[in-house]
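my_file.cif follows; it contains mmCIF, C-alpha atoms (C1' of nucleotides).
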data_target
#
loop_
_atom_site.group_PDB
_atom_site.id
_atom_site.type_symbol
_atom_site.label_atom_id
_atom_site.label_comp_id
_atom_site.auth_asym_id
_atom_site.auth_seq_id
_atom_site.Cartn_x
_atom_site.Cartn_y
_atom_site.Cartn_z
ATOM 1 C CA MET A 1 85.644 133.207 26.014
ATOM 2 C CA PHE A 2 87.028 129.759 25.220
ATOM 3 C CA GLN A 3 90.429 131.406 25.383
ATOM 4 C CA ALA A 4 89.648 132.367 28.975
ATOM 5 C CA LEU A 5 88.474 128.858 29.877
ATOM 6 C CA ALA A 6 91.537 127.326 28.206
ATOM 7 C CA ASP A 7 93.768 127.807 31.250
ATOM 8 C CA PRO A 8 93.427 125.230 34.074
ATOM 9 C CA THR A 9 94.067 127.840 36.769
ATOM 10 C CA ARG A 10 91.275 130.006 35.408
ATOM 11 C CA ARG A 11 88.936 127.011 35.272
ATOM 12 C CA LEU A 12 89.726 126.373 38.931
ATOM 13 C CA MET A 13 88.869 129.991 39.687
ATOM 14 C CA VAL A 14 85.573 129.663 37.805
ATOM 15 C CA GLN A 15 84.891 126.447 39.685
ATOM 16 C CA ARG A 16 85.550 128.214 42.989
ATOM 17 C CA LEU A 17 83.379 131.194 42.086
ATOM 18 C CA CYS A 18 80.478 128.901 41.186
ATOM 19 C CA GLU A 19 80.368 127.905 44.825
ATOM 20 C CA GLY A 20 79.929 131.534 45.798
ATOM 21 C CA PRO A 21 81.516 134.984 45.533
ATOM 22 C CA ALA A 22 85.061 135.436 46.804
ATOM 23 C CA SER A 23 87.662 138.116 47.349
ATOM 24 C CA VAL A 24 90.874 138.157 45.306
ATOM 25 C CA SER A 25 92.956 136.729 48.154
ATOM 26 C CA GLU A 26 90.398 134.038 48.936
ATOM 27 C CA LEU A 27 90.601 133.116 45.281
ATOM 28 C CA ALA A 28 94.396 133.101 45.434
ATOM 29 C CA ALA A 29 94.702 131.072 48.660
ATOM 30 C CA PRO A 30 94.513 127.536 47.155
ATOM 31 C CA LEU A 31 96.658 128.475 44.172
ATOM 32 C CA ALA A 32 100.433 128.060 44.245
ATOM 33 C CA MET A 33 101.178 131.432 42.696
ATOM 34 C CA THR A 34 101.512 135.136 43.415
ATOM 35 C CA LEU A 35 98.536 137.357 44.111
ATOM 36 C CA SER A 36 99.710 139.348 41.119
ATOM 37 C CA ALA A 37 99.346 136.332 38.823
ATOM 38 C CA VAL A 38 95.859 135.664 40.175
ATOM 39 C CA VAL A 39 94.822 139.241 39.457
ATOM 40 C CA GLN A 40 96.081 138.849 35.905
ATOM 41 C CA HIS A 41 94.009 135.684 35.453
ATOM 42 C CA LEU A 42 91.067 137.498 36.954
ATOM 43 C CA SER A 43 91.325 140.323 34.457
ATOM 44 C CA VAL A 44 91.266 137.785 31.626
ATOM 45 C CA LEU A 45 88.102 136.236 33.069
ATOM 46 C CA GLU A 46 86.572 139.675 33.462
ATOM 47 C CA GLY A 47 87.589 140.646 29.953
ATOM 48 C CA ALA A 48 85.775 137.552 28.674
ATOM 49 C CA GLY A 49 82.667 138.562 30.622
ATOM 50 C CA LEU A 50 82.865 135.407 32.721
ATOM 51 C CA VAL A 51 83.398 137.237 35.995
ATOM 52 C CA ARG A 52 82.175 140.518 37.396
ATOM 53 C CA SER A 53 83.801 142.196 40.393
ATOM 54 C CA GLN A 54 83.382 145.252 42.562
ATOM 55 C CA LYS A 55 85.656 146.848 45.065
ATOM 56 C CA VAL A 56 84.350 147.957 48.441
ATOM 57 C CA GLY A 57 86.900 149.338 50.864
ATOM 58 C CA ARG A 58 90.133 147.639 49.952
ATOM 59 C CA VAL A 59 88.682 144.228 49.101
ATOM 60 C CA ARG A 60 87.496 143.289 45.614
ATOM 61 C CA THR A 61 84.683 140.746 45.547
ATOM 62 C CA CYS A 62 84.224 138.560 42.476
ATOM 63 C CA ARG A 63 81.271 136.562 41.235
ATOM 64 C CA ILE A 64 80.685 134.645 38.019
ATOM 65 C CA GLU A 65 78.445 135.849 35.222
ATOM 66 C CA THR A 66 76.342 132.926 34.019
ATOM 67 C CA GLN A 67 75.285 134.736 30.843
ATOM 68 C CA ALA A 68 78.755 134.176 29.389
ATOM 69 C CA LEU A 69 78.830 130.529 30.453
ATOM 70 C CA ARG A 70 75.431 130.146 28.840
ATOM 71 C CA ALA A 71 76.768 131.641 25.600
ATOM 72 C CA ALA A 72 79.668 129.176 25.460
ATOM 73 C CA GLU A 73 77.332 126.306 26.256
ATOM 74 C CA HIS A 74 75.023 127.462 23.488
ATOM 75 C CA TRP A 75 77.809 127.655 20.907
ATOM 76 C CA ILE A 76 78.816 124.084 21.627
ATOM 77 C CA SER A 77 75.323 122.625 21.823
ATOM 78 C CA GLU A 78 74.266 124.282 18.572
ATOM 79 C CA ARG A 79 77.173 122.733 16.685
ATOM 80 C CA ARG A 80 76.820 119.380 18.373
ATOM 81 C CA THR A 81 73.115 119.050 17.580
ATOM 82 C CA LEU A 82 73.750 120.261 14.020
ATOM 83 C CA TRP A 83 76.111 117.335 13.557
ATOM 84 C CA GLU A 84 73.910 114.846 15.383
ATOM 85 C CA ARG A 85 70.897 115.739 13.231
ATOM 86 C CA ARG A 86 73.059 115.207 10.169
ATOM 87 C CA PHE A 87 74.118 111.862 11.577
ATOM 88 C CA ASP A 88 70.503 110.863 12.179
ATOM 89 C CA ARG A 89 69.554 111.791 8.628
ATOM 90 C CA LEU A 90 72.437 109.656 7.381
ATOM 91 C CA GLY A 91 71.132 106.779 9.481
ATOM 92 C CA ALA A 92 67.679 107.217 7.983
ATOM 93 C CA TYR A 93 69.179 107.347 4.503
ATOM 94 C CA LEU A 94 71.148 104.162 5.070
ATOM 95 C CA ALA A 95 68.078 102.412 6.433
ATOM 96 C CA GLU A 96 66.151 103.544 3.362
ATOM 97 C CA GLN A 97 68.899 102.246 1.050
ATOM 98 C CA ALA A 98 68.929 98.937 2.901
ATOM 99 C CA GLU A 99 65.344 98.390 1.815
ATOM 100 C CA LYS A 100 66.212 98.683 -1.881
ATOM 101 C CA PRO A 101 69.722 97.222 -2.076
ATOM 102 C CA GLU A 102 69.807 96.802 -5.868
ATOM 103 C CA GLU A 103 71.179 100.335 -6.528
ATOM 104 C CA GLY A 104 74.827 101.440 -6.147
ATOM 105 C CA ASN A 105 75.678 102.673 -2.693
ATOM 106 C CA GLY A 106 77.543 106.007 -2.772
ATOM 107 C CA ILE A 107 77.871 107.257 0.790
ATOM 108 C CA MET B 1 89.681 120.585 25.183
ATOM 109 C CA PHE B 2 88.931 124.242 25.884
ATOM 110 C CA GLN B 3 92.511 124.880 24.859
ATOM 111 C CA ALA B 4 91.655 123.376 21.460
ATOM 112 C CA LEU B 5 88.488 125.476 21.092
ATOM 113 C CA ALA B 6 90.348 128.625 22.158
ATOM 114 C CA ASP B 7 91.675 129.338 18.681
ATOM 115 C CA PRO B 8 89.275 130.997 16.185
ATOM 116 C CA THR B 9 90.709 129.063 13.239
ATOM 117 C CA ARG B 10 90.111 125.775 15.029
ATOM 118 C CA ARG B 11 86.554 126.831 15.886
ATOM 119 C CA LEU B 12 86.000 127.530 12.188
ATOM 120 C CA MET B 13 87.289 124.058 11.400
ATOM 121 C CA VAL B 14 84.944 122.532 13.979
ATOM 122 C CA GLN B 15 82.104 124.593 12.519
ATOM 123 C CA ARG B 16 82.940 123.296 9.040
ATOM 124 C CA LEU B 17 83.169 119.689 10.189
ATOM 125 C CA CYS B 18 79.771 119.920 11.854
ATOM 126 C CA GLU B 19 78.303 120.390 8.401
ATOM 127 C CA GLY B 20 79.882 117.129 7.301
ATOM 128 C CA PRO B 21 83.196 115.295 6.962
ATOM 129 C CA ALA B 22 85.941 116.912 4.917
ATOM 130 C CA SER B 23 89.414 116.228 3.622
ATOM 131 C CA VAL B 24 92.386 118.227 4.893
ATOM 132 C CA SER B 25 92.556 120.389 1.778
ATOM 133 C CA GLU B 26 88.805 121.012 1.779
ATOM 134 C CA LEU B 27 89.228 122.133 5.359
ATOM 135 C CA ALA B 28 92.144 124.361 4.369
ATOM 136 C CA ALA B 29 90.479 125.940 1.300
ATOM 137 C CA PRO B 30 88.589 128.801 3.056
ATOM 138 C CA LEU B 31 91.486 129.527 5.412
ATOM 139 C CA ALA B 32 94.189 132.043 4.536
ATOM 140 C CA MET B 33 97.090 129.868 5.642
ATOM 141 C CA THR B 34 99.355 127.030 4.627
ATOM 142 C CA LEU B 35 98.176 123.438 4.458
ATOM 143 C CA SER B 36 100.898 122.766 6.980
ATOM 144 C CA ALA B 37 99.335 125.146 9.503
ATOM 145 C CA VAL B 38 95.947 123.523 8.981
ATOM 146 C CA VAL B 39 97.407 120.085 9.644
ATOM 147 C CA GLN B 40 98.920 121.401 12.868
ATOM 148 C CA HIS B 41 95.536 122.773 13.979
ATOM 149 C CA LEU B 42 93.989 119.470 13.032
ATOM 150 C CA SER B 43 96.403 117.541 15.207
ATOM 151 C CA VAL B 44 95.489 119.766 18.162
ATOM 152 C CA LEU B 45 91.798 119.059 17.566
ATOM 153 C CA GLU B 46 92.538 115.354 17.252
ATOM 154 C CA GLY B 47 94.656 115.420 20.396
ATOM 155 C CA ALA B 48 91.718 116.952 22.249
ATOM 156 C CA GLY B 49 89.477 114.174 20.955
ATOM 157 C CA LEU B 50 87.307 116.686 19.106
ATOM 158 C CA VAL B 51 88.072 115.290 15.682
ATOM 159 C CA ARG B 52 88.725 111.815 14.351
ATOM 160 C CA SER B 53 90.319 111.187 10.973
ATOM 161 C CA GLN B 54 91.295 108.304 8.754
ATOM 162 C CA LYS B 55 93.428 108.159 5.694
ATOM 163 C CA VAL B 56 92.311 106.250 2.652
ATOM 164 C CA GLY B 57 94.613 106.397 -0.337
ATOM 165 C CA ARG B 58 96.319 109.792 -0.137
ATOM 166 C CA VAL B 59 93.389 111.743 1.287
ATOM 167 C CA ARG B 60 92.696 112.073 4.998
ATOM 168 C CA THR B 61 89.023 112.486 5.841
ATOM 169 C CA CYS B 62 88.068 114.210 9.103
ATOM 170 C CA ARG B 63 84.853 114.188 11.092
ATOM 171 C CA ILE B 64 83.977 115.644 14.494
ATOM 172 C CA GLU B 65 83.556 113.571 17.590
ATOM 173 C CA THR B 66 80.469 114.762 19.438
ATOM 174 C CA GLN B 67 81.401 112.918 22.631
ATOM 175 C CA ALA B 68 84.113 115.505 23.331
ATOM 176 C CA LEU B 69 81.805 118.421 22.537
ATOM 177 C CA ARG B 70 79.284 116.877 24.885
ATOM 178 C CA ALA B 71 81.918 116.674 27.631
ATOM 179 C CA ALA B 72 82.777 120.369 27.309
ATOM 180 C CA GLU B 73 79.103 121.271 27.260
ATOM 181 C CA HIS B 74 78.589 119.177 30.376
ATOM 182 C CA TRP B 75 81.457 120.843 32.254
ATOM 183 C CA ILE B 76 80.001 124.277 31.587
ATOM 184 C CA SER B 77 76.383 123.416 32.298
ATOM 185 C CA GLU B 78 77.254 121.693 35.556
ATOM 186 C CA ARG B 79 79.029 124.779 36.855
ATOM 187 C CA ARG B 80 76.419 127.147 35.527
ATOM 188 C CA THR B 81 73.504 125.321 37.150
ATOM 189 C CA LEU B 82 75.486 124.986 40.384
ATOM 190 C CA TRP B 83 75.728 128.744 40.534
ATOM 191 C CA GLU B 84 72.153 129.332 39.401
ATOM 192 C CA ARG B 85 70.789 127.009 42.081
ATOM 193 C CA ARG B 86 72.837 128.931 44.635
ATOM 194 C CA PHE B 87 71.395 132.133 43.241
ATOM 195 C CA ASP B 88 67.863 130.787 43.494
ATOM 196 C CA ARG B 89 68.419 129.772 47.114
ATOM 197 C CA LEU B 90 69.668 133.285 47.814
ATOM 198 C CA GLY B 91 66.517 134.676 46.202
ATOM 199 C CA ALA B 92 64.387 132.409 48.382
ATOM 200 C CA TYR B 93 66.355 133.488 51.438
ATOM 201 C CA LEU B 94 65.909 137.168 50.613
ATOM 202 C CA ALA B 95 62.200 136.676 50.058
ATOM 203 C CA GLU B 96 61.977 134.911 53.403
ATOM 204 C CA GLN B 97 63.825 137.729 55.122
ATOM 205 C CA ALA B 98 61.541 140.284 53.496
ATOM 206 C CA GLU B 99 58.595 138.729 55.324
ATOM 207 C CA LYS B 100 60.210 139.301 58.736
ATOM 208 C CA PRO B 101 62.144 142.543 58.236
ATOM 209 C CA GLU B 102 62.773 143.246 61.927
ATOM 210 C CA GLU B 103 66.059 141.277 62.070
ATOM 211 C CA GLY B 104 69.457 142.488 60.862
ATOM 212 C CA ASN B 105 70.189 141.630 57.225
ATOM 213 C CA GLY B 106 73.636 140.033 56.779
ATOM 214 C CA ILE B 107 73.943 138.918 53.173
ATOM 215 C "C1'" DG C 1 107.527 105.645 -15.444
ATOM 216 C "C1'" DC C 2 106.325 110.666 -14.749
ATOM 217 C "C1'" DG C 3 104.188 114.505 -13.265
ATOM 218 C "C1'" DA C 4 100.657 116.239 -10.341
ATOM 219 C "C1'" DT C 5 98.174 115.866 -6.071
ATOM 220 C "C1'" DA C 6 97.627 115.305 -1.079
ATOM 221 C "C1'" DC C 7 99.558 115.356 2.572
ATOM 222 C "C1'" DT C 8 103.768 114.929 6.266
ATOM 223 C "C1'" DT C 9 107.689 116.356 8.984
ATOM 224 C "C1'" DA C 10 111.158 119.331 10.819
ATOM 225 C "C1'" DA C 11 113.220 123.685 11.690
ATOM 226 C "C1'" DG C 12 112.721 128.330 12.738
ATOM 227 C "C1'" DC C 13 110.678 132.757 14.054
ATOM 228 C "C1'" DG C 14 107.888 136.524 16.044
ATOM 229 C "C1'" DA C 15 104.182 137.268 19.146
ATOM 230 C "C1'" DA C 16 101.368 136.046 22.898
ATOM 231 C "C1'" DT C 17 100.990 133.718 27.670
ATOM 232 C "C1'" DG C 18 101.827 132.745 32.345
ATOM 233 C "C1'" DC C 19 104.450 133.773 35.659
ATOM 234 C "C1'" DT C 20 107.761 136.506 38.982
ATOM 235 C "C1'" DT C 21 109.685 140.462 41.317
ATOM 236 C "C1'" DC C 22 109.552 145.010 42.928
ATOM 237 C "C1'" DA C 23 107.586 149.312 44.027
ATOM 238 C "C1'" DC C 24 103.473 151.378 45.302
ATOM 239 C "C1'" DC C 25 98.847 152.974 47.186
ATOM 240 C "C1'" DA C 26 94.760 152.702 50.049
ATOM 241 C "C1'" DA C 27 92.177 150.958 53.774
ATOM 242 C "C1'" DC C 28 91.881 148.996 58.327
ATOM 243 C "C1'" DC C 29 93.106 148.810 63.207
ATOM 244 C "C1'" DA C 30 95.759 148.629 67.557
ATOM 245 C "C1'" DT D 1 100.238 157.166 63.903
ATOM 246 C "C1'" DG D 2 102.437 153.409 62.222
ATOM 247 C "C1'" DG D 3 102.214 148.678 60.911
ATOM 248 C "C1'" DT D 4 99.638 145.273 58.578
ATOM 249 C "C1'" DT D 5 96.504 143.713 55.132
ATOM 250 C "C1'" DG D 6 94.560 143.699 50.347
ATOM 251 C "C1'" DG D 7 95.224 144.937 46.074
ATOM 252 C "C1'" DT D 8 97.494 147.485 41.753
ATOM 253 C "C1'" DG D 9 100.916 148.321 37.916
ATOM 254 C "C1'" DA D 10 104.953 147.876 35.359
ATOM 255 C "C1'" DA D 11 108.942 145.469 33.869
ATOM 256 C "C1'" DG D 12 111.204 141.286 32.706
ATOM 257 C "C1'" DC D 13 111.655 136.482 31.423
ATOM 258 C "C1'" DA D 14 110.965 131.587 29.963
ATOM 259 C "C1'" DT D 15 107.765 128.962 27.551
ATOM 260 C "C1'" DT D 16 104.227 128.054 24.370
ATOM 261 C "C1'" DC D 17 101.565 129.182 20.091
ATOM 262 C "C1'" DG D 18 100.512 130.038 15.403
ATOM 263 C "C1'" DC D 19 102.504 130.299 11.439
ATOM 264 C "C1'" DT D 20 105.983 129.875 7.477
ATOM 265 C "C1'" DT D 21 109.341 127.728 4.586
ATOM 266 C "C1'" DA D 22 111.421 123.812 2.796
ATOM 267 C "C1'" DA D 23 112.283 119.262 1.919
ATOM 268 C "C1'" DG D 24 110.280 114.962 2.038
ATOM 269 C "C1'" DT D 25 106.811 110.604 1.032
ATOM 270 C "C1'" DA D 26 102.997 108.205 -0.887
ATOM 271 C "C1'" DT D 27 99.265 107.813 -4.261
ATOM 272 C "C1'" DC D 28 96.700 108.765 -8.341
ATOM 273 C "C1'" DG D 29 95.988 109.390 -13.470
ATOM 274 C "C1'" DC D 30 98.031 109.276 -17.872
#
File written out as structure tokens:
Amino acid sequence: MFQALADPTRRLMVQRLCEGPASVSELAAPLAMTLSAVVQHLSVLEGAGLVRSQKVGRVRTCRIETQALRAAEHWISERRTLWERRFDRLGAYLAEQAEKPEEGNGI
Amino acid sequence: MFQALADPTRRLMVQRLCEGPASVSELAAPLAMTLSAVVQHLSVLEGAGLVRSQKVGRVRTCRIETQALRAAEHWISERRTLWERRFDRLGAYLAEQAEKPEEGNGI
DNA sequence: GCGATACTTAAGCGAATGCTTCACCAACCA
DNA sequence: TGGTTGGTGAAGCATTCGCTTAAGTATCGC
């Protein structure tokens, strides 16, 4: 998941797909690389569950899968808030200590 | 940023640091690798702005930087909601078309 | 001062990544 | 039917990554 988002080219592809579905060659057009390379990136994104695609005729149409994005977002936000709550508690503790400053302060 | 979070070991380190600051060796303890490897991971996390550290005496204490986590979270959520809004508009469009089904349907 | 602790730095190595080229197949269409 | 378009698959190659070993340096406790 994060592995898939780690590459700037793949993030560009995700960005593009958020503006609407696209075929493989549409996806490749703005990128300075072979169609083959784009397909390889695409398979990484699909492997990570970030993109779903289906082939009709000879053109493969890709769209993003927000469930996966949501999962990544959730992972981050959970950890961030965990830390921020801890930080708030520390703030409260320090404020409490400030009211009785006679004791030793062991942060 | 995503590059830094791409590695499972580094995610474990972030996870650990969200539960509170830690020294390099505390961070290394649960990991089956050299202290040297841990320091290298740490420098990647620091380079990405995910972790800040300061050395006092001979021990370096590390803590996470939520600003960076927030930035990553923001990147994802912006793209996700962009797509979801698009999806909602499509739903509205389809519903609208369903009310006047005599015209050709070109999704 | 002396040994132990807590890193730090550099070199090296195997494996994974990101790309290219080339050959190929399956639609589409003039 | 034959050429063009859109995509697939495998092989190869340079670079980067994750890790190790090894040889430091600086600080702490005795």
Point-to-point distance in Å for CA of Gly49 in chain B and CA of Leu94 in chain A: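 Value for the CA of Leu94 in chain A-CA of Gly49 in chain B distance: 26.2 Å.
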Counting only C-alpha atoms (C1' of nucleotides), chain B residues within 9 Å of chain C, as a PyMOL selection string: chain B and resi 24-25+35-36+39+58-60
Emit the selected residues as a compact mmCIF listing (two decimals), in the coordinates of the input, including C-alpha atoms.
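And here is the file that came out, selection.txt:
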# COMPACT_ATOMS: atom_id res chain seq x y z
CA VAL B 24 92.39 118.23 4.89
CA SER B 25 92.56 120.39 1.78
CA LEU B 35 98.18 123.44 4.46
CA SER B 36 100.90 122.77 6.98
CA VAL B 39 97.41 120.08 9.64
CA ARG B 58 96.32 109.79 -0.14
CA VAL B 59 93.39 111.74 1.29
CA ARG B 60 92.70 112.07 5.00
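All of the residues in chain D within 7 Å of chain B are DC19, DA26 and DT27 of chain D, where all atoms listed in the file were counted.
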Restricting the output to C-alpha atoms (C1' of nucleotides), write the selected residues as a PDB file, keeping the file's coordinate frame.
ATOM      1  C1'  DC D  19     102.504 130.299  11.439  1.00  0.00           C
ATOM      2  C1'  DA D  26     102.997 108.205  -0.887  1.00  0.00           C
ATOM      3  C1'  DT D  27      99.265 107.813  -4.261  1.00  0.00           C
TER       4       DT D  27
END
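Within 7 Å of chain B, counting all atoms listed in the file, chain A contributes Phe2, Gln3, Leu5, Ala6, Gln15, Cys18, Glu19, Thr66, Leu69, Glu73, Ile76, Ser77, Arg79, Arg80, Leu82 and Trp83 of chain A.
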How big is the axis-aligned box, and where does its centre sit, when it encloses all atoms of range 5-24 of chain C listed in the file and has 6 Å added on every side, reported in Å to one decimal as JSON?
{"center_x": 105.4, "center_y": 133.2, "center_z": 19.6, "size_x": 27.6, "size_y": 48.4, "size_z": 63.4}
Closest of B:Ala22, B:Val44, B:Ala29, B:Leu12 to DG18 in chain D - atom-to-atom distances counting only C-alpha atoms (C1' of nucleotides): B:Val44
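Take C1' of DA22 in chain D and CA of Ala32 in chain B: the distance between them is 19.2 Å.
A straight line drawn from CA of Thr61 in chain A to C1' of DG6 in chain D is 11.4 Å long.
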